[in-house]
file coords14.txt (compact mmCIF, C-alpha atoms and all ligand atoms)
# COMPACT_ATOMS: atom_id res chain seq x y z
CA MET A 1 0.17 3.27 -6.44
CA GLY A 2 2.32 1.45 -8.92
CA ALA A 3 2.44 -1.78 -6.92
CA ILE A 4 4.65 -4.28 -8.69
CA CYS A 5 3.79 -7.94 -8.48
CA ARG A 6 5.64 -10.97 -9.70
CA ILE A 7 2.71 -12.45 -11.50
CA ASP A 8 4.20 -15.86 -12.25
CA GLY A 9 4.06 -16.75 -8.56
CA ALA A 10 0.28 -16.87 -8.82
CA PHE A 11 0.29 -20.20 -10.62
CA GLY A 12 2.17 -22.10 -7.98
CA LEU A 13 5.42 -21.96 -6.14
CA PRO A 14 8.01 -19.70 -7.80
CA GLY A 15 10.10 -21.75 -10.17
CA MET A 16 7.50 -24.53 -10.37
CA ALA A 17 6.97 -25.97 -13.85
CA ARG A 18 3.91 -24.43 -15.45
CA PRO A 19 2.71 -26.36 -18.47
CA GLY A 20 2.15 -24.13 -21.47
CA LEU A 21 3.78 -21.08 -19.90
CA GLU A 22 7.16 -20.29 -21.29
CA GLY A 23 9.52 -17.37 -21.26
CA PRO A 24 10.78 -15.17 -18.46
CA PRO A 25 8.58 -14.23 -15.52
CA LEU A 26 6.34 -11.29 -16.24
CA TYR A 27 6.50 -8.24 -13.99
CA SER A 28 3.65 -5.84 -14.34
CA ALA A 29 1.90 -2.95 -12.63
CA LEU A 30 -1.31 -4.36 -11.20
CA VAL A 31 -3.09 -1.03 -11.01
CA SER A 32 -4.36 -1.25 -14.58
CA ARG A 33 -5.27 -4.91 -14.29
CA ILE A 34 -8.32 -6.75 -13.09
CA ASP A 35 -7.00 -9.15 -10.52
CA LEU A 36 -9.28 -12.15 -10.08
CA ARG A 37 -6.59 -14.60 -8.95
CA SER A 38 -7.94 -14.82 -5.42
CA ASP A 39 -9.83 -12.93 -2.71
CA THR A 40 -6.48 -12.64 -0.93
CA VAL A 41 -5.25 -9.87 -3.24
CA THR A 42 -7.17 -6.99 -1.64
CA ARG A 43 -5.15 -4.03 -0.38
CA PRO A 44 -5.85 -2.67 3.12
CA THR A 45 -8.54 0.03 3.23
CA GLU A 46 -7.80 3.55 4.48
CA ALA A 47 -9.51 2.67 7.79
CA MET A 48 -7.28 -0.39 8.13
CA ARG A 49 -4.16 1.61 7.38
CA ARG A 50 -5.14 4.15 10.04
CA ALA A 51 -5.87 1.39 12.56
CA ILE A 52 -2.51 -0.23 11.78
CA ALA A 53 -0.72 3.08 12.38
CA GLU A 54 -2.52 3.71 15.66
CA ALA A 55 -2.66 0.16 17.03
CA GLU A 56 -1.92 -0.35 20.68
CA VAL A 57 0.53 -3.26 20.83
CA GLY A 58 2.36 -5.54 23.24
CA ASP A 59 4.24 -8.80 22.81
CA ASP A 60 1.91 -11.56 21.68
CA TRP A 61 4.44 -14.28 22.60
CA TYR A 62 3.81 -13.24 26.20
CA GLY A 63 0.08 -12.87 25.54
CA ASP A 64 0.04 -9.16 26.32
CA ASP A 65 -0.73 -7.57 22.98
CA PRO A 66 -4.07 -5.89 23.76
CA THR A 67 -5.18 -5.63 20.14
CA VAL A 68 -4.48 -9.31 19.46
CA ASN A 69 -6.30 -10.19 22.67
CA SER A 70 -9.38 -8.21 21.73
CA LEU A 71 -9.38 -9.72 18.22
CA GLU A 72 -9.20 -13.21 19.72
CA GLU A 73 -11.99 -12.47 22.20
CA ARG A 74 -14.18 -11.06 19.46
CA CYS A 75 -13.56 -14.06 17.17
CA ALA A 76 -14.29 -16.57 19.94
CA ALA A 77 -17.56 -14.76 20.69
CA ILE A 78 -18.63 -14.67 17.03
CA VAL A 79 -18.17 -18.41 16.61
CA GLY A 80 -19.36 -19.31 20.11
CA LYS A 81 -16.16 -21.02 21.23
CA GLU A 82 -14.28 -20.57 24.50
CA ALA A 83 -11.08 -19.19 23.04
CA ALA A 84 -9.22 -18.22 19.88
CA CYS A 85 -5.64 -17.96 18.65
CA TYR A 86 -4.56 -15.44 16.01
CA VAL A 87 -2.00 -16.77 13.53
CA ALA A 88 -0.37 -15.58 10.33
CA THR A 89 -2.04 -17.90 7.82
CA GLY A 90 -4.89 -20.32 7.32
CA THR A 91 -2.36 -23.03 6.57
CA LEU A 92 -0.71 -22.54 9.96
CA ALA A 93 -4.09 -22.69 11.69
CA ASN A 94 -4.95 -25.96 9.89
CA GLU A 95 -1.54 -27.44 10.63
CA ILE A 96 -1.75 -26.56 14.32
CA ALA A 97 -5.23 -28.08 14.54
CA MET A 98 -4.19 -31.33 12.89
CA HIS A 99 -1.05 -31.49 15.04
CA ILE A 100 -3.21 -31.36 18.16
CA PHE A 101 -6.05 -33.65 17.09
CA VAL A 102 -4.09 -36.33 15.23
CA ARG A 103 -1.41 -38.66 16.50
CA SER A 104 1.60 -39.17 14.24
CA GLY A 105 0.93 -42.05 11.86
CA ARG A 106 -2.82 -41.67 12.04
CA LEU A 107 -5.29 -40.26 9.53
CA VAL A 108 -7.44 -37.24 8.86
CA ALA A 109 -10.57 -38.08 6.89
CA CYS A 110 -11.48 -35.30 4.50
CA GLU A 111 -12.91 -34.60 1.07
CA ALA A 112 -10.37 -35.64 -1.58
CA THR A 113 -9.77 -32.16 -3.00
CA SER A 114 -9.80 -30.22 0.24
CA HIS A 115 -7.02 -27.76 1.05
CA VAL A 116 -5.63 -29.77 3.98
CA CYS A 117 -4.89 -32.84 1.84
CA GLY A 118 -4.06 -31.00 -1.37
CA VAL A 119 -1.94 -27.88 -1.03
CA GLU A 120 -1.04 -28.74 2.57
CA VAL A 121 -0.39 -32.46 2.22
CA SER A 122 3.38 -32.18 2.60
CA SER A 123 3.06 -29.77 5.52
CA ALA A 124 0.89 -32.23 7.43
CA ALA A 125 3.31 -35.07 6.67
CA ALA A 126 6.40 -33.05 7.53
CA MET A 127 5.12 -31.26 10.60
CA SER A 128 2.93 -33.90 12.23
CA GLY A 129 3.34 -37.28 10.48
CA VAL A 130 -0.29 -37.06 9.44
CA ALA A 131 -1.79 -38.91 6.47
CA PHE A 132 -5.21 -38.63 4.86
CA ALA A 133 -8.21 -40.80 4.15
CA ARG A 134 -9.59 -39.06 1.08
CA ILE A 135 -13.30 -39.16 0.37
CA GLU A 136 -14.32 -38.21 -3.16
CA ALA A 137 -17.43 -36.06 -3.30
CA PRO A 138 -18.98 -34.19 -6.24
CA ARG A 139 -18.43 -30.44 -5.91
CA GLY A 140 -16.56 -31.12 -2.67
CA GLN A 141 -19.78 -31.82 -0.80
CA LEU A 142 -19.51 -34.70 1.64
CA THR A 143 -22.62 -36.53 2.79
CA SER A 144 -23.16 -38.31 6.08
CA ASP A 145 -23.25 -41.67 4.25
CA MET A 146 -19.84 -41.03 2.73
CA VAL A 147 -18.44 -40.00 6.10
CA ALA A 148 -19.99 -43.01 7.86
CA GLU A 149 -18.30 -45.32 5.38
CA ALA A 150 -14.93 -43.58 5.75
CA LEU A 151 -15.09 -43.75 9.54
CA GLN A 152 -15.75 -47.50 9.67
CA PRO A 153 -13.09 -48.82 12.06
CA ASP A 154 -10.28 -50.81 10.49
CA PRO A 155 -10.49 -54.28 12.10
CA TYR A 156 -6.68 -54.49 12.13
CA ASP A 157 -6.22 -50.98 13.54
CA VAL A 158 -3.83 -50.11 10.74
CA GLU A 159 -5.69 -47.10 9.37
CA VAL A 160 -6.97 -45.17 12.35
CA VAL A 161 -8.84 -41.93 11.72
CA ASP A 162 -8.29 -39.37 14.48
CA LEU A 163 -10.08 -36.42 12.87
CA LEU A 164 -12.71 -35.50 10.31
CA SER A 165 -11.80 -32.25 8.57
CA LEU A 166 -14.49 -30.33 6.68
CA GLU A 167 -14.14 -27.33 4.35
CA ASN A 168 -16.87 -24.70 3.99
CA THR A 169 -17.03 -23.05 1.54
CA HIS A 170 -15.30 -25.75 -0.46
CA GLN A 171 -12.71 -24.10 -2.66
CA VAL A 172 -11.91 -26.67 -5.37
CA GLY A 173 -15.57 -27.73 -5.28
CA GLY A 174 -16.33 -24.27 -6.69
CA GLY A 175 -16.84 -22.16 -3.55
CA THR A 176 -19.72 -24.46 -2.63
CA VAL A 177 -21.67 -24.18 0.61
CA MET A 178 -22.28 -27.16 2.89
CA PRO A 179 -26.00 -27.49 3.68
CA MET A 180 -26.71 -27.18 7.40
CA ASP A 181 -28.79 -30.39 7.54
CA GLU A 182 -25.97 -32.36 5.99
CA LEU A 183 -23.47 -30.84 8.42
CA ARG A 184 -25.66 -31.88 11.36
CA ALA A 185 -25.96 -35.41 9.97
CA ILE A 186 -22.19 -35.59 9.43
CA ARG A 187 -21.58 -34.38 12.97
CA LYS A 188 -23.86 -37.09 14.30
CA VAL A 189 -22.11 -39.82 12.33
CA ALA A 190 -18.67 -38.60 13.46
CA GLY A 191 -19.86 -38.42 17.06
CA GLU A 192 -21.07 -42.02 16.88
CA ALA A 193 -17.64 -43.04 15.56
CA GLY A 194 -15.92 -41.07 18.33
CA VAL A 195 -14.10 -38.86 15.81
CA PRO A 196 -13.82 -35.11 16.46
CA VAL A 197 -14.77 -32.68 13.69
CA TYR A 198 -12.65 -29.75 12.56
CA LEU A 199 -13.71 -27.08 10.08
CA ASP A 200 -11.38 -25.36 7.65
CA GLY A 201 -13.66 -22.36 7.42
CA ALA A 202 -11.25 -20.18 5.45
CA ARG A 203 -14.38 -18.70 3.79
CA ILE A 204 -17.05 -19.57 6.37
CA PHE A 205 -18.39 -16.01 6.25
CA ASN A 206 -19.06 -16.45 2.52
CA ALA A 207 -20.99 -19.62 3.36
CA ALA A 208 -22.94 -17.80 6.06
CA VAL A 209 -23.86 -14.90 3.78
CA ALA A 210 -24.85 -17.19 0.89
CA SER A 211 -27.00 -19.50 3.01
CA GLY A 212 -28.32 -16.99 5.54
CA THR A 213 -27.05 -19.29 8.31
CA PRO A 214 -25.10 -17.58 11.11
CA VAL A 215 -21.43 -18.56 11.41
CA LEU A 216 -22.31 -19.47 15.00
CA ASP A 217 -24.58 -22.29 13.77
CA TYR A 218 -21.91 -23.80 11.54
CA ALA A 219 -19.36 -23.53 14.36
CA ALA A 220 -21.72 -25.24 16.84
CA GLU A 221 -21.46 -28.47 14.80
CA VAL A 222 -17.67 -28.73 15.00
CA ASP A 223 -15.15 -29.11 17.81
CA ALA A 224 -12.80 -26.46 16.45
CA LEU A 225 -12.50 -24.29 13.37
CA MET A 226 -10.38 -21.69 11.69
CA PHE A 227 -11.35 -18.83 9.43
CA CYS A 228 -9.27 -16.41 7.40
CA LEU A 229 -9.42 -12.65 7.86
CA SER A 230 -7.19 -12.26 4.81
CA LYS A 231 -9.60 -13.63 2.21
CA GLY A 232 -13.07 -12.22 1.47
CA LEU A 233 -13.09 -10.24 4.72
CA GLY A 234 -10.25 -8.18 3.28
CA ALA A 235 -7.55 -8.00 5.98
CA PRO A 236 -3.97 -7.94 4.72
CA ILE A 237 -2.82 -10.83 6.93
CA GLY A 238 -4.15 -13.30 9.46
CA SER A 239 -6.35 -16.25 10.36
CA VAL A 240 -7.95 -17.31 13.60
CA LEU A 241 -8.20 -20.76 15.17
CA CYS A 242 -11.12 -21.15 17.57
CA GLY A 243 -12.15 -23.89 19.97
CA PRO A 244 -12.28 -25.04 23.59
CA ALA A 245 -9.91 -23.28 26.02
CA GLU A 246 -7.74 -26.37 26.51
CA PHE A 247 -7.42 -26.85 22.72
CA ILE A 248 -6.37 -23.23 22.28
CA ARG A 249 -3.84 -23.54 25.11
CA GLU A 250 -2.30 -26.43 23.13
CA ALA A 251 -2.58 -24.38 19.93
CA ARG A 252 -0.45 -21.61 21.48
CA ARG A 253 2.20 -24.20 22.32
CA ALA A 254 2.13 -25.58 18.75
CA LYS A 255 2.24 -22.03 17.37
CA ILE A 256 5.58 -21.55 19.15
CA LEU A 257 6.73 -25.04 18.09
CA PHE A 258 6.07 -24.23 14.42
CA GLY A 259 7.83 -20.85 14.62
CA GLY A 260 4.56 -18.99 14.25
CA ALA A 261 4.59 -17.08 17.55
CA TRP A 262 4.94 -13.41 16.81
CA ARG A 263 5.46 -10.24 18.72
CA GLN A 264 3.71 -6.89 18.09
CA ALA A 265 1.08 -8.64 15.99
CA GLY A 266 -1.48 -6.09 17.15
CA ILE A 267 -0.42 -4.05 14.13
CA MET A 268 -2.09 -6.65 11.94
CA ALA A 269 -4.84 -7.55 14.41
CA ALA A 270 -6.01 -3.93 14.25
CA ALA A 271 -6.77 -4.40 10.54
CA GLY A 272 -8.27 -7.80 11.35
CA LEU A 273 -10.79 -6.23 13.72
CA ILE A 274 -11.98 -3.93 10.95
CA ALA A 275 -12.19 -6.84 8.50
CA LEU A 276 -14.29 -8.73 11.00
CA GLU A 277 -16.68 -5.82 11.44
CA ASP A 278 -16.98 -4.55 7.86
CA GLY A 279 -16.13 -7.64 5.80
CA PRO A 280 -19.22 -9.80 6.28
CA GLN A 281 -21.55 -6.89 5.54
CA ARG A 282 -20.37 -6.59 1.96
CA LEU A 283 -19.62 -10.18 0.95
CA HIS A 284 -22.96 -10.42 -0.87
CA GLU A 285 -21.54 -7.92 -3.39
CA ASP A 286 -18.78 -10.40 -4.26
CA HIS A 287 -21.38 -13.13 -4.72
CA VAL A 288 -23.47 -10.92 -7.01
CA ASN A 289 -20.36 -10.04 -9.02
CA ALA A 290 -19.39 -13.70 -9.32
CA ARG A 291 -22.84 -14.54 -10.74
CA LEU A 292 -22.59 -11.57 -13.10
CA LEU A 293 -19.24 -12.87 -14.30
CA ALA A 294 -20.52 -16.43 -14.64
CA ASP A 295 -23.61 -15.31 -16.57
CA GLY A 296 -21.45 -13.24 -18.91
CA ILE A 297 -18.95 -16.02 -19.56
CA ALA A 298 -21.72 -18.59 -20.09
CA LEU A 299 -23.37 -16.26 -22.59
CA VAL A 300 -20.26 -15.71 -24.70
CA THR A 301 -18.80 -19.22 -24.32
CA PRO A 302 -21.75 -21.59 -23.86
CA GLY A 303 -20.91 -24.91 -22.24
CA ALA A 304 -17.88 -23.53 -20.39
CA LEU A 305 -19.76 -23.37 -17.09
CA ASP A 306 -23.16 -23.54 -15.49
CA PRO A 307 -23.81 -20.15 -13.83
CA MET A 308 -26.16 -21.84 -11.40
CA SER A 309 -23.15 -23.67 -9.96
CA VAL A 310 -21.78 -20.39 -8.62
CA GLU A 311 -22.80 -20.19 -4.98
CA THR A 312 -20.37 -17.66 -3.54
CA ASN A 313 -17.41 -15.67 -4.88
CA MET A 314 -15.74 -18.23 -7.13
CA VAL A 315 -16.22 -18.93 -10.81
CA PHE A 316 -14.66 -22.05 -12.32
CA VAL A 317 -14.55 -22.31 -16.10
CA ASP A 318 -13.78 -25.38 -18.17
CA THR A 319 -11.84 -24.15 -21.19
CA ARG A 320 -12.21 -27.46 -23.00
CA ALA A 321 -15.58 -26.15 -24.18
CA ILE A 322 -13.66 -23.39 -25.99
CA GLY A 323 -10.96 -25.77 -27.20
CA ILE A 324 -8.09 -24.05 -25.37
CA PRO A 325 -5.87 -25.60 -22.67
CA PRO A 326 -6.42 -23.79 -19.37
CA PHE A 327 -2.85 -22.50 -19.00
CA GLU A 328 -2.96 -21.05 -22.52
CA MET A 329 -6.22 -19.30 -21.72
CA LEU A 330 -4.68 -18.01 -18.51
CA GLU A 331 -1.75 -16.57 -20.39
CA ARG A 332 -3.95 -14.93 -23.00
CA LEU A 333 -6.18 -13.43 -20.30
CA ARG A 334 -3.16 -12.12 -18.46
CA ASP A 335 -1.81 -10.50 -21.61
CA ALA A 336 -5.19 -8.84 -22.05
CA GLY A 337 -5.16 -7.52 -18.48
CA VAL A 338 -7.23 -10.05 -16.54
CA LEU A 339 -5.44 -12.11 -13.93
CA ALA A 340 -6.87 -15.49 -13.00
CA ASN A 341 -5.60 -18.84 -11.79
CA VAL A 342 -5.75 -22.47 -12.84
CA VAL A 343 -7.11 -24.74 -10.13
CA ALA A 344 -7.78 -28.45 -10.69
CA GLY A 345 -7.54 -28.00 -14.44
CA ARG A 346 -10.05 -25.17 -14.72
CA ILE A 347 -9.74 -21.41 -14.83
CA ARG A 348 -10.65 -19.99 -11.44
CA LEU A 349 -11.82 -16.39 -11.13
CA VAL A 350 -12.49 -14.99 -7.66
CA THR A 351 -14.37 -11.80 -6.84
CA HIS A 352 -13.43 -9.62 -3.88
CA ARG A 353 -13.66 -6.15 -2.35
CA ASP A 354 -11.19 -4.55 -4.77
CA VAL A 355 -13.08 -5.48 -7.92
CA THR A 356 -16.13 -3.51 -9.03
CA ALA A 357 -19.16 -4.53 -11.08
CA GLY A 358 -17.78 -2.31 -13.86
CA GLN A 359 -14.53 -4.25 -13.86
CA ILE A 360 -16.49 -7.50 -13.99
CA GLU A 361 -18.18 -6.27 -17.17
CA GLN A 362 -14.76 -5.37 -18.56
CA ALA A 363 -13.49 -8.84 -17.63
CA ILE A 364 -16.39 -10.45 -19.51
CA ARG A 365 -15.54 -8.38 -22.59
CA VAL A 366 -11.90 -9.46 -22.34
CA TRP A 367 -12.96 -13.09 -21.89
CA SER A 368 -15.17 -12.91 -24.95
CA GLU A 369 -12.45 -11.37 -27.12
CA VAL A 370 -9.72 -13.70 -25.90
CA ALA A 371 -11.90 -16.79 -26.41
CA ALA A 372 -12.89 -15.68 -29.92
CA GLU A 373 -9.30 -14.90 -30.86
CA ALA A 374 -7.99 -18.16 -29.41
CA LYS A 375 -10.65 -20.15 -31.25
CA GLY A 376 -9.78 -18.41 -34.49
CA GLY A 377 -6.06 -18.98 -33.87
CA SER A 378 -6.40 -22.63 -33.01
CA GLY A 379 -8.66 -23.51 -35.97
C1 LIG B 1 -10.00 -23.58 1.85
C2 LIG B 1 -8.68 -23.02 2.24
N1 LIG B 1 -8.14 -23.35 3.40
C3 LIG B 1 -6.96 -22.86 3.80
C4 LIG B 1 -6.25 -21.98 3.02
C5 LIG B 1 -4.92 -21.47 3.49
O1 LIG B 1 -4.91 -20.12 3.81
P1 LIG B 1 -3.55 -19.27 3.74
O2 LIG B 1 -3.32 -18.92 2.32
O3 LIG B 1 -3.82 -18.09 4.61
O4 LIG B 1 -2.48 -20.14 4.29
C6 LIG B 1 -6.78 -21.60 1.79
C7 LIG B 1 -6.02 -20.66 0.94
O5 LIG B 1 -6.35 -20.36 -0.16
C8 LIG B 1 -8.01 -22.13 1.38
O6 LIG B 1 -8.56 -21.82 0.19

call {"tool": "encode", "arguments": {"input": "coords14.txt", "output": "structure tokens"}}
result
Amino acid sequence: MGAICRIDGAFGLPGMARPGLEGPPLYSALVSRIDLRSDTVTRPTEAMRRAIAEAEVGDDWYGDDPTVNSLEERCAAIVGKEAACYVATGTLANEIAMHIFVRSGRLVACEATSHVCGVEVSSAAAMSGVAFARIEAPRGQLTSDMVAEALQPDPYDVEVVDLLSLENTHQVGGGTVMPMDELRAIRKVAGEAGVPVYLDGARIFNAAVASGTPVLDYAAEVDALMFCLSKGLGAPIGSVLCGPAEFIREARRAKILFGGAWRQAGIMAAAGLIALEDGPQRLHEDHVNARLLADGIALVTPGALDPMSVETNMVFVDTRAIGIPPFEMLERLRDAGVLANVVAGRIRLVTHRDVTAGQIEQAIRVWSEVAAEAKGGSG
């Protein structure tokens, strides 16, 4: 209890300029707050804490941590790939994948607001000399026609695309789910162009639950993928890169190269195994809560969002409809006890295991009061 969190870090890198937010960083006890910044904020469950304490471990650098090995085997089986590699973060998994698939100086084609070419753009440039061919798509949803156009060969061989990277669910797109038919069509187009397909499936289990499509089916349409245990599934740490055995052998080499090889990682893998088992079974609750939140916000601030746009556990709200800049709204919400984030100019609220339906109702009340007060104040 009494966990202390440096809240200002939520808006970007510590020390980064945050328009509209002034004054010293705020330190606050999170226990009394409703934390909707991300689905990464969950605390380990009692079962996870027990598993962590009792985990059988070895040295993962040498490949002999039994808990890591069983997590990797389980993950590979779930997604129907030959092998898997457990790493600390989703970013590291993405960076390793791009490092393997893409030659330095060549391109990754991806949706223009996807994580790999947004938050991770400097990582890809610094670690692998990779650049991006950005494809703009409404709500982050690529179509096969868009991909076909982007994969047209450059007659001068200047811009050569080595990889197509997909994101499902698409975060900045609003937690949107890629339709299976479209994915199959995209796969076909990429295959015809001779370009391998990678999936940033940080929240692929959310996509699977929302669409009723097994993760296995999504994974079958890509050459390799990663998913995060540390997001909706609720593990404290960890992501898993999955693919053919030879690709994963290379991934282990790149993991060492990037300083990501770790030792008694079974301590974390033990919690990851529980997340993998229990997490998917309850994700629908997060989706229901997100719709509840969206309905409530739409009711009290009409025009700020379309609740029907909420497909999984993310709610994006446009504060222009209320006449308040997003960072000001964020600050007012925070002062009233609701933590959120600003992503691509909109307020982003994310539901997760550690937020109840009751807290969602409270958050709607806070939203309503804050919006009314801000409107009054700004008039
Ligand atoms: C779509 C997507 N991919 C990758 C990542 C990176 O994951 P991590 O924070 O574990 O590095 C995130 C993180 O939010 C994400 O939303």

call {"tool": "closest_atom_pairs", "arguments": {"input": "coords14.txt", "of": "chain A", "to": "ligand LIG 1 (chain B)", "cutoff": "7 Å", "atoms": "all atoms listed in the file", "output": "CSV"}}
result
residue,atom,partner,partner_atom,distance
A:Thr89,CA,B:LIG1,O3,3.7
A:Gly90,CA,B:LIG1,O1,3.5
A:Thr91,CA,B:LIG1,O4,3.7
A:Leu92,CA,B:LIG1,O4,6.4
A:Ser114,CA,B:LIG1,C1,6.8
A:His115,CA,B:LIG1,N1,5.1
A:Val116,CA,B:LIG1,N1,6.9
A:Glu167,CA,B:LIG1,C1,6.1
A:His170,CA,B:LIG1,C1,6.2
A:Gln171,CA,B:LIG1,C1,5.3
A:Asp200,CA,B:LIG1,N1,5.7
A:Gly201,CA,B:LIG1,C1,6.8
A:Ala202,CA,B:LIG1,N1,4.9
A:Arg203,CA,B:LIG1,C1,6.8
A:Cys228,CA,B:LIG1,O3,6.3
A:Ser230,CA,B:LIG1,O3,6.7
A:Gly238,CA,B:LIG1,O3,6.8
A:Ser239,CA,B:LIG1,O3,6.5

call {"tool": "atom_distance", "arguments": {"input": "coords14.txt", "atom1": "CA of Ala235 (chain A)", "atom2": "CA of Asp335 (chain A)"}}
result
28.3 Å

call {"tool": "atom_distance", "arguments": {"input": "coords14.txt", "atom1": "CA of His99 (chain A)", "atom2": "CA of Phe258 (chain A)"}}
result
10.2 Å

call {"tool": "axis_aligned_box", "arguments": {"input": "coords14.txt", "around": "region 55-70 of chain A", "padding_each_side": "4 Å", "output": "AutoDock Vina command-line options"}}
result
--center_x -2.5 --center_y -7.1 --center_z 21.7 --size_x 21.8 --size_y 22.4 --size_z 17.3

call {"tool": "residues_around", "arguments": {"input": "coords14.txt", "residues": "Ala254 (chain A)", "least_positions_apart": "3", "cutoff": "8 Å", "atoms": "all atoms listed in the file", "output": "JSON list (two decimals) with C-alpha atoms, keeping the file's coordinate frame"}}
result
[["chain", "number", "residue", "atom", "x", "y", "z"],
["A", 96, "ILE", "CA", -1.75, -26.56, 14.32],
["A", 99, "HIS", "CA", -1.05, -31.49, 15.04],
["A", 100, "ILE", "CA", -3.21, -31.36, 18.16],
["A", 250, "GLU", "CA", -2.30, -26.43, 23.13],
["A", 251, "ALA", "CA", -2.58, -24.38, 19.93],
["A", 257, "LEU", "CA", 6.73, -25.04, 18.09],
["A", 258, "PHE", "CA", 6.07, -24.23, 14.42]]

call {"tool": "residues_around", "arguments": {"input": "coords14.txt", "residues": "Leu305 (chain A)", "least_positions_apart": "4", "cutoff": "10 Å", "atoms": "all atoms listed in the file", "output": "number ranges by chain"}}
result
A: 294-295, 297-299, 301, 309-310, 315-319, 321

call {"tool": "residues_around", "arguments": {"input": "coords14.txt", "residues": "Ala77 (chain A)", "least_positions_apart": "2", "cutoff": "12 Å", "atoms": "all atoms listed in the file", "output": "list in words"}}
result
Ser70, Leu71, Glu72, Glu73, Arg74, Cys75, Val79, Gly80, Lys81, Glu82, Ala83, Ala84, Val215, Leu216, Ala219, Ala220, Cys242, Gly243, Pro244 and Leu276 of chain A

call {"tool": "write_last_selection", "arguments": {"input": "coords14.txt", "atoms": "C-alpha atoms", "output": "short mmCIF file (atom, residue, chain, number, x, y, z; two decimals), keeping the file's coordinate frame"}}
result
data_model
loop_
_atom_site.label_atom_id
_atom_site.label_comp_id
_atom_site.auth_asym_id
_atom_site.auth_seq_id
_atom_site.Cartn_x
_atom_site.Cartn_y
_atom_site.Cartn_z
CA SER A 70 -9.38 -8.21 21.73
CA LEU A 71 -9.38 -9.72 18.22
CA GLU A 72 -9.20 -13.21 19.72
CA GLU A 73 -11.99 -12.47 22.20
CA ARG A 74 -14.18 -11.06 19.46
CA CYS A 75 -13.56 -14.06 17.17
CA VAL A 79 -18.17 -18.41 16.61
CA GLY A 80 -19.36 -19.31 20.11
CA LYS A 81 -16.16 -21.02 21.23
CA GLU A 82 -14.28 -20.57 24.50
CA ALA A 83 -11.08 -19.19 23.04
CA ALA A 84 -9.22 -18.22 19.88
CA VAL A 215 -21.43 -18.56 11.41
CA LEU A 216 -22.31 -19.47 15.00
CA ALA A 219 -19.36 -23.53 14.36
CA ALA A 220 -21.72 -25.24 16.84
CA CYS A 242 -11.12 -21.15 17.57
CA GLY A 243 -12.15 -23.89 19.97
CA PRO A 244 -12.28 -25.04 23.59
CA LEU A 276 -14.29 -8.73 11.00
#

call {"tool": "atom_distance", "arguments": {"input": "coords14.txt", "atom1": "CA of Glu328 (chain A)", "atom2": "CA of Val342 (chain A)"}}
result
10.2 Å

call {"tool": "closest_residue", "arguments": {"input": "coords14.txt", "among": "A:Leu333, A:Ala76, A:Ala344, A:Ala357", "to": "Val370 (chain A)", "atoms": "only C-alpha atoms"}}
result
A:Leu333

call {"tool": "residues_around", "arguments": {"input": "coords14.txt", "residues": "Leu283 (chain A)", "least_positions_apart": "6", "cutoff": "7 Å", "atoms": "all atoms listed in the file", "output": "PyMOL selection string"}}
result
chain A and resi 206+209+232

call {"tool": "closest_residue", "arguments": {"input": "coords14.txt", "among": "A:Ile267, A:Asp181, A:Val130, A:Gly323", "to": "Thr143 (chain A)", "atoms": "all atoms listed in the file"}}
result
A:Asp181

call {"tool": "closest_residue", "arguments": {"input": "coords14.txt", "among": "A:Asp162, A:Glu120, A:Glu361, A:Asp354", "to": "Thr40 (chain A)", "atoms": "only C-alpha atoms"}}
result
A:Asp354

call {"tool": "residues_around", "arguments": {"input": "coords14.txt", "residues": "Ala112 (chain A)", "least_positions_apart": "3", "cutoff": "10 Å", "atoms": "all atoms listed in the file", "output": "list in words"}}
result
Ala109, His115, Val116, Cys117, Gly118, Phe132, Ala133, Arg134, Ile135, Glu136, Ala137, Pro138, Gly140, Leu142 and Val172 of chain A

call {"tool": "write_last_selection", "arguments": {"input": "coords14.txt", "atoms": "C-alpha atoms", "output": "PDB file, in the coordinates of the input"}}
result
ATOM      1  CA  ALA A 109     -10.570 -38.080   6.890  1.00  0.00           C
ATOM      2  CA  HIS A 115      -7.020 -27.760   1.050  1.00  0.00           C
ATOM      3  CA  VAL A 116      -5.630 -29.770   3.980  1.00  0.00           C
ATOM      4  CA  CYS A 117      -4.890 -32.840   1.840  1.00  0.00           C
ATOM      5  CA  GLY A 118      -4.060 -31.000  -1.370  1.00  0.00           C
ATOM      6  CA  PHE A 132      -5.210 -38.630   4.860  1.00  0.00           C
ATOM      7  CA  ALA A 133      -8.210 -40.800   4.150  1.00  0.00           C
ATOM      8  CA  ARG A 134      -9.590 -39.060   1.080  1.00  0.00           C
ATOM      9  CA  ILE A 135     -13.300 -39.160   0.370  1.00  0.00           C
ATOM     10  CA  GLU A 136     -14.320 -38.210  -3.160  1.00  0.00           C
ATOM     11  CA  ALA A 137     -17.430 -36.060  -3.300  1.00  0.00           C
ATOM     12  CA  PRO A 138     -18.980 -34.190  -6.240  1.00  0.00           C
ATOM     13  CA  GLY A 140     -16.560 -31.120  -2.670  1.00  0.00           C
ATOM     14  CA  LEU A 142     -19.510 -34.700   1.640  1.00  0.00           C
ATOM     15  CA  VAL A 172     -11.910 -26.670  -5.370  1.00  0.00           C
TER      16      VAL A 172
END

call {"tool": "closest_residue", "arguments": {"input": "coords14.txt", "among": "A:Ala269, A:Val350, A:Ala304, A:Val338", "to": "His287 (chain A)", "atoms": "all atoms listed in the file"}}
result
A:Val350

call {"tool": "closest_residue", "arguments": {"input": "coords14.txt", "among": "A:Ala372, A:Ala271, A:Val300, A:Ala340", "to": "Asp39 (chain A)", "atoms": "all atoms listed in the file"}}
result
A:Ala340

call {"tool": "closest_residue", "arguments": {"input": "coords14.txt", "among": "A:Asn341, A:Asn69, A:Ser123, A:Asn168", "to": "Cys110 (chain A)", "atoms": "all atoms listed in the file"}}
result
A:Asn168
